[in-house]
Protein chains: 4
Amino acid sequence: MTPKGEQGPALRADAARNRARVLQVAREQLAAGDDSLQLNTIARLAGVGVGTVYRHFPSRHALWEALSAERFRELVDEAQVAADDEDALAGLHRLLRFTLTHALEDTGFAAVLESASDTDARTSALKAELDRAVAHLLDRARRVRAIRRDIEAGDLRRLLCGIEHAVRSGGSGPTRTDIYLDVLIEGLRPPR
Amino acid sequence: MTPKGEQGPALRADAARNRARVLQVAREQLAAGDDSLQLNTIARLAGVGVGTVYRHFPSRHALWEALSAERFRELVDEAQVAADDEDALAGLHRLLRFTLTHALEDTGFAAVLESASDTDARTSALKAELDRAVAHLLDRARRVRAIRRDIEAGDLRRLLCGIEHAVRSGGSGPTRTDIYLDVLIEGLRPPR
Amino acid sequence: MTPKGEQGPALRADAARNRARVLQVAREQLAAGDDSLQLNTIARLAGVGVGTVYRHFPSRHALWEALSAERFRELVDEAQVAADDEDALAGLHRLLRFTLTHALEDTGFAAVLESASDTDARTSALKAELDRAVAHLLDRARRVRAIRRDIEAGDLRRLLCGIEHAVRSGGSGPTRTDIYLDVLIEGLRPPR
Amino acid sequence: MTPKGEQGPALRADAARNRARVLQVAREQLAAGDDSLQLNTIARLAGVGVGTVYRHFPSRHALWEALSAERFRELVDEAQVAADDEDALAGLHRLLRFTLTHALEDTGFAAVLESASDTDARTSALKAELDRAVAHLLDRARRVRAIRRDIEAGDLRRLLCGIEHAVRSGGSGPTRTDIYLDVLIEGLRPPR
DNA sequence: CATGAATGAGGGTTCATTCAT
DNA sequence: AATGAATGAACCCTCATTCAT
């Protein structure tokens, strides 16, 4: 009867609306540079009670992860496309650029991408899925000696987040982004 | 009888002891992974009154910068030694490793190293001094085509901090540190 | 079932109860001679959390004015009754005595009565209303040459507060109160 | 050997200088509208240690009283002159005006004049001396039925401080001062 | 006597989280 | 399910006063 969802009892219409509002407001806050994610503030801005926010997101971290889930989904899709690319290295590079761009746009996403411990199992699942796709890419690239052997999918995720930090900490423009990413890419080549 | 030839009004013996204790405790807190630097807590642990902490460090930031100044001094010294190394590239690599090690040991130092805006003029001065030494190294290395042309001292500082983040976010051991640093070093070579 | 016909969003029952308790305790503190109005202390005495006090009264001043508003309302009512008294002078005297009694009982009220600058517009409005009623009384009294011409409503307010200070600074009993007030009253007569 | 003073062991020259500096700075602070008399601040401004201030003035109140002692001395002198005036009433009025003027100029003095309890015995002595002179004046004035019988010297002191408050609380000019004082003076006449 | 560093009680305010309505 | 008032721990900072130097 209720629209068949992926997990759990589907939300009532109003509950779903509230959840969406909260996520929306949280995203706006982040975009506005306020990464404190104060649940009271978000509730007020979303026009719902604090309790409602807590019902949907038991902890700040849960909200944080929910925020990035969407982005993550996109990323995993992109990774799977890349994994099928004829040229593994090209696919990898495209994926790295794609990820960096999104991480720079969304602090929350970057944080989750980098974090070693997730609260929501779904996040971990997405991360695993991503790493699997990337591992596949790395394998293929290694086979044609396009990539050094000592780097795994998780390493790549972390290194990319490092690059993201570097870009973010310089107030600089897109040029630096390109250069920094290029330093990473060159650094991934196998030793000559 | 009082040690002479020091700089400034020469703290009273007990004042100096207290200041040192506070810095010591603060360093321990950071090392223990608590980077909140709560002045009350630090005071308690150091066995001094809150007021004493506030006298020495009017704000959290002042403490923060005092903590890193020391490290920074060492780093600048090392950079100047490196700058005189016959082999510019070797000097640079040694300096990078030295910096990374220290940044990993001391979050506060890492933060200041990465930050785009300092509050204390002395910090900016130290940073400028560091960048000058590094710029010199880069120049020499570029002249022998050992380093790509599009990277400046500031970039290098930021990239290294990025690597530091990457290492930190994996819970992994020294091997990863070496590998991540090597990725950076390889990435700095001029394009083939 | 909920009492209807009240004004505004109608506080929740418990909220109203808490608000009243806070005001009650604050009044007791003042009566006990402690005019520091420490919000933490008040919260403790009222058996509510500090946050609750802050919710109802964002600043000490807000509490202060809320405290006096009630008293002020009574005073204005009394002033309007006095203004209708057939004998203007008698009305004025009754009003002065009424005001003095209340000012002596409630430091906060006295302070607001005397203050030249209000922060809450409602306080200013009440004060203006009071002054208008008094001005009316003074006019009528002057017409029958019962009051000197160079005193306005504001002056009267201030002079009465002066008397209040005089009474308060002597530790003495009701006799002094009567005498001091009489000195004022006599001093208000037109020159012989 | 030491210059014979009025009480206690005469101060060493430097101690006297420090004491004077502290009083001077305190007076300037008051004049500048800061009546918090923070002993640390005063010490700093006076260029002496806090401890020195505490040696001379064991409590804030002691400083407060010391500040007004000088004024008080003048006032007592004036009172004694007034007491010898042929016209007792004229002398009284002159004294009231003199006192009011000074109280308006010096908050500290006004506070001590009004206070019911002194810390320094010398202050109480001065106050008693003043009251004695005024009592004498009142006696004489009462004998010629120029003053009501139910007012004593202490009452007069307090009433005048009340007037001072009234003047101070209106932001108004010298006209109000004259009028308010006149209200007091008229109020002091015996009932017709 | 003078100094000023040290003390720490004291008071202020915020905000994550709970729970009565 | 939603609401938002209440809670109170946790921080922050100041400043009167003491006491070692």
# chains A, B, ... in the order shown; residues from 1 in each chain; ligands from 1
>>> residues_around(residues="A:Arg145", least_positions_apart="4", cutoff="12 Å", atoms="only C-alpha atoms (C1' of nucleotides)", output="VMD selection string")
chain A and resid 88 to 89 138 to 141 149 188 to 192
>>> interface_residues(of="chain B", to="chain F", cutoff="10 Å", atoms="only C-alpha atoms (C1' of nucleotides)", output="PyMOL selection string")
chain B and resi 12-14+38-40+50-51+54
>>> write_last_selection(atoms="N, CA, C and O atoms", output="CSV table (one decimal), in the first residue's frame")
chain,number,residue,atom,x,y,z
B,12,ARG,N,59.6,36.1,36.5
B,12,ARG,CA,60.0,35.7,37.9
B,12,ARG,C,60.1,34.2,37.8
B,12,ARG,O,59.4,33.5,37.0
B,13,ALA,N,60.9,33.6,38.7
B,13,ALA,CA,61.1,32.2,38.6
B,13,ALA,C,59.8,31.4,38.6
B,13,ALA,O,59.6,30.5,37.8
B,14,ASP,N,58.9,31.7,39.6
B,14,ASP,CA,57.7,30.9,39.7
B,14,ASP,C,56.8,31.1,38.5
B,14,ASP,O,56.1,30.2,38.0
B,38,GLN,N,40.8,23.5,26.6
B,38,GLN,CA,40.0,24.3,27.5
B,38,GLN,C,40.8,24.8,28.6
B,38,GLN,O,41.5,24.1,29.4
B,39,LEU,N,40.8,26.1,28.7
B,39,LEU,CA,41.8,26.8,29.6
B,39,LEU,C,41.5,26.4,31.1
B,39,LEU,O,42.5,26.2,31.9
B,40,ASN,N,40.3,26.2,31.5
B,40,ASN,CA,40.0,25.7,32.9
B,40,ASN,C,40.6,24.4,33.1
B,40,ASN,O,41.2,24.1,34.2
B,50,VAL,N,43.0,29.3,37.2
B,50,VAL,CA,42.6,29.7,35.9
B,50,VAL,C,43.2,31.0,35.5
B,50,VAL,O,43.6,31.2,34.4
B,51,GLY,N,43.2,31.9,36.5
B,51,GLY,CA,43.7,33.3,36.3
B,51,GLY,C,45.1,33.3,35.8
B,51,GLY,O,45.5,34.1,35.0
B,54,TYR,N,45.1,32.6,32.2
B,54,TYR,CA,44.7,33.8,31.5
B,54,TYR,C,45.7,34.9,31.5
B,54,TYR,O,45.8,35.6,30.5
>>> calpha_fit_rmsd(fixed="chain A", moving="chain B")
1.4 Å
>>> select_by_dssp(residues="chain D", states="alpha helix (DSSP H)", output="PyMOL selection string")
chain D and resi 13-31+39-46+50-56+60-83+88-105+107-114+121-143+153-169+174-187
>>> interface_residues(of="chain E", to="chain A", cutoff="9 Å", atoms="only C-alpha atoms (C1' of nucleotides)", output="PyMOL selection string")
chain E and resi 15-17
>>> residues_around(residues="D:Thr52", least_positions_apart="6", cutoff="9 Å", atoms="only C-alpha atoms (C1' of nucleotides)", output="number ranges by chain")
D: 15, 18-19, 43; E: 1-3
>>> residues_around(residues="A:Asp155", least_positions_apart="6", cutoff="9 Å", atoms="only C-alpha atoms (C1' of nucleotides)", output="list in words")
Ala166, Val167, Gly170, Arg176 and Tyr180 of chain B
>>> closest_atom_pairs(of="chain B", to="chain A", cutoff="10 Å", atoms="only C-alpha atoms", output="CSV")
residue,atom,partner,partner_atom,distance
B:Glu114,CA,A:Ser169,CA,6.5
B:Ser115,CA,A:Ser169,CA,6.4
B:Ala116,CA,A:Ser169,CA,6.3
B:Ser117,CA,A:Ser169,CA,9.7
B:Arg148,CA,A:Val183,CA,9.3
B:Asp150,CA,A:Ile179,CA,7.5
B:Ile151,CA,A:Ile179,CA,8.0
B:Gly154,CA,A:Gly170,CA,8.3
B:Asp155,CA,A:Gly170,CA,7.9
B:Leu156,CA,A:Ala166,CA,9.2
B:Arg157,CA,A:Ala166,CA,8.5
B:Arg158,CA,A:Ala166,CA,4.8
B:Leu159,CA,A:Ala166,CA,5.3
B:Leu160,CA,A:Ala166,CA,8.0
B:Cys161,CA,A:Ala166,CA,6.7
B:Gly162,CA,A:Gly162,CA,3.7
B:Ile163,CA,A:Gly162,CA,5.4
B:Glu164,CA,A:Gly162,CA,7.4
B:His165,CA,A:Gly162,CA,5.5
B:Ala166,CA,A:Arg158,CA,4.8
B:Val167,CA,A:Arg158,CA,7.6
B:Arg168,CA,A:Arg158,CA,9.1
B:Ser169,CA,A:Ala116,CA,6.3
B:Gly170,CA,A:Ala116,CA,6.5
B:Gly171,CA,A:Ala116,CA,7.5
B:Thr175,CA,A:Asp150,CA,9.9
B:Arg176,CA,A:Asp155,CA,8.3
B:Ile179,CA,A:Asp150,CA,7.4
B:Tyr180,CA,A:Leu159,CA,7.4
B:Leu181,CA,A:Gly187,CA,9.5
B:Asp182,CA,A:Gly187,CA,7.5
B:Val183,CA,A:Gly187,CA,4.3
B:Leu184,CA,A:Gly187,CA,5.8
B:Ile185,CA,A:Gly187,CA,7.0
B:Glu186,CA,A:Gly187,CA,4.6
B:Gly187,CA,A:Gly187,CA,3.7
B:Leu188,CA,A:Val183,CA,6.1
B:Arg189,CA,A:Glu186,CA,8.2
B:Pro190,CA,A:Glu186,CA,9.4
B:Pro191,CA,A:Glu186,CA,8.1
B:Arg192,CA,A:Glu186,CA,9.8
>>> closest_residue(among="A:Ala103, A:Ala82, A:Leu96, A:Leu67", to="A:Leu137", atoms="only C-alpha atoms")
A:Ala82
>>> residues_around(residues="D:Phe109", least_positions_apart="2", cutoff="9 Å", atoms="only C-alpha atoms (C1' of nucleotides)", output="list in words")
Trp64, Glu65, Leu67, Ser68, Ala69, Arg71, Phe72, His102, Ala103, Leu104, Glu105, Asp106, Thr107, Ala111, Val112, Leu113 and Glu114 of chain D
>>> decode(residues="stretch 157-172 of chain B", atoms="all heavy atoms", output="compact mmCIF listing (two decimals), in the first residue's frame")
# COMPACT_ATOMS: atom_id res chain seq x y z
N ARG B 157 53.80 23.88 1.46
CA ARG B 157 53.33 23.83 2.83
C ARG B 157 51.92 23.22 2.88
O ARG B 157 51.62 22.33 3.66
CB ARG B 157 53.30 25.25 3.40
CG ARG B 157 53.58 25.30 4.86
CD ARG B 157 53.76 26.68 5.45
NE ARG B 157 53.76 27.84 4.63
CZ ARG B 157 52.71 28.60 4.39
NH1 ARG B 157 51.54 28.27 4.90
NH2 ARG B 157 52.81 29.69 3.66
N ARG B 158 51.07 23.68 2.02
CA ARG B 158 49.69 23.20 2.01
C ARG B 158 49.59 21.74 1.59
O ARG B 158 48.84 20.96 2.18
CB ARG B 158 48.84 24.07 1.09
CG ARG B 158 48.53 25.43 1.72
CD ARG B 158 47.54 26.22 0.90
NE ARG B 158 48.20 26.85 -0.24
CZ ARG B 158 48.84 28.02 -0.17
NH1 ARG B 158 48.92 28.68 0.98
NH2 ARG B 158 49.40 28.55 -1.23
N LEU B 159 50.35 21.39 0.58
CA LEU B 159 50.30 19.99 0.12
C LEU B 159 50.78 19.06 1.22
O LEU B 159 50.21 17.99 1.44
CB LEU B 159 51.16 19.83 -1.14
CG LEU B 159 50.51 20.36 -2.42
CD1 LEU B 159 51.53 20.47 -3.56
CD2 LEU B 159 49.35 19.44 -2.83
N LEU B 160 51.81 19.48 1.92
CA LEU B 160 52.33 18.63 2.98
C LEU B 160 51.28 18.47 4.08
O LEU B 160 51.11 17.38 4.63
CB LEU B 160 53.62 19.20 3.56
CG LEU B 160 54.33 18.17 4.42
CD1 LEU B 160 54.94 17.09 3.55
CD2 LEU B 160 55.38 18.83 5.30
N CYS B 161 50.58 19.54 4.37
CA CYS B 161 49.51 19.44 5.37
C CYS B 161 48.41 18.52 4.89
O CYS B 161 47.78 17.80 5.68
CB CYS B 161 48.97 20.81 5.71
SG CYS B 161 50.12 21.82 6.65
N GLY B 162 48.20 18.54 3.58
CA GLY B 162 47.22 17.62 3.02
C GLY B 162 47.64 16.17 3.29
O GLY B 162 46.84 15.34 3.71
N ILE B 163 48.90 15.91 3.04
CA ILE B 163 49.44 14.57 3.30
C ILE B 163 49.26 14.22 4.77
O ILE B 163 48.86 13.10 5.13
CB ILE B 163 50.93 14.50 2.90
CG1 ILE B 163 51.10 14.69 1.40
CG2 ILE B 163 51.54 13.17 3.34
CD1 ILE B 163 50.45 13.63 0.55
N GLU B 164 49.52 15.17 5.61
CA GLU B 164 49.38 14.95 7.05
C GLU B 164 47.94 14.52 7.36
O GLU B 164 47.71 13.60 8.12
CB GLU B 164 49.75 16.25 7.78
CG GLU B 164 49.67 16.16 9.28
CD GLU B 164 48.55 17.03 9.81
OE1 GLU B 164 48.17 18.02 9.14
OE2 GLU B 164 48.03 16.71 10.90
N HIS B 165 46.98 15.22 6.78
CA HIS B 165 45.58 14.85 6.98
C HIS B 165 45.32 13.42 6.53
O HIS B 165 44.63 12.65 7.18
CB HIS B 165 44.65 15.78 6.18
CG HIS B 165 44.32 17.01 6.91
ND1 HIS B 165 43.48 17.04 8.00
CD2 HIS B 165 44.73 18.29 6.74
CE1 HIS B 165 43.37 18.27 8.44
NE2 HIS B 165 44.13 19.06 7.69
N ALA B 166 45.87 13.10 5.36
CA ALA B 166 45.66 11.76 4.81
C ALA B 166 46.20 10.71 5.77
O ALA B 166 45.52 9.72 6.08
CB ALA B 166 46.33 11.65 3.45
N VAL B 167 47.40 10.94 6.28
CA VAL B 167 47.99 9.97 7.19
C VAL B 167 47.14 9.86 8.44
O VAL B 167 46.81 8.77 8.91
CB VAL B 167 49.42 10.39 7.58
CG1 VAL B 167 49.96 9.47 8.67
CG2 VAL B 167 50.33 10.39 6.37
N ARG B 168 46.77 11.02 8.96
CA ARG B 168 46.01 11.04 10.20
C ARG B 168 44.66 10.33 10.05
O ARG B 168 44.20 9.66 10.98
CB ARG B 168 45.81 12.49 10.60
CG ARG B 168 45.54 12.71 12.07
CD ARG B 168 45.34 14.19 12.35
NE ARG B 168 46.57 14.94 12.37
CZ ARG B 168 47.38 15.00 13.43
NH1 ARG B 168 47.08 14.30 14.52
NH2 ARG B 168 48.48 15.72 13.39
N SER B 169 44.04 10.47 8.91
CA SER B 169 42.67 9.94 8.80
C SER B 169 42.66 8.42 8.62
O SER B 169 41.67 7.78 8.91
CB SER B 169 41.92 10.62 7.65
OG SER B 169 42.49 10.27 6.42
N GLY B 170 43.76 7.88 8.11
CA GLY B 170 43.89 6.43 8.20
C GLY B 170 44.48 6.14 9.56
O GLY B 170 45.34 6.87 10.03
N GLY B 171 44.03 5.13 10.24
CA GLY B 171 44.62 4.88 11.55
C GLY B 171 45.96 4.15 11.45
O GLY B 171 46.53 3.73 12.43
N SER B 172 46.46 4.08 10.23
CA SER B 172 47.54 3.14 9.91
C SER B 172 48.91 3.59 10.40
O SER B 172 49.11 4.68 10.88
CB SER B 172 47.58 2.93 8.41
OG SER B 172 47.20 4.12 7.75
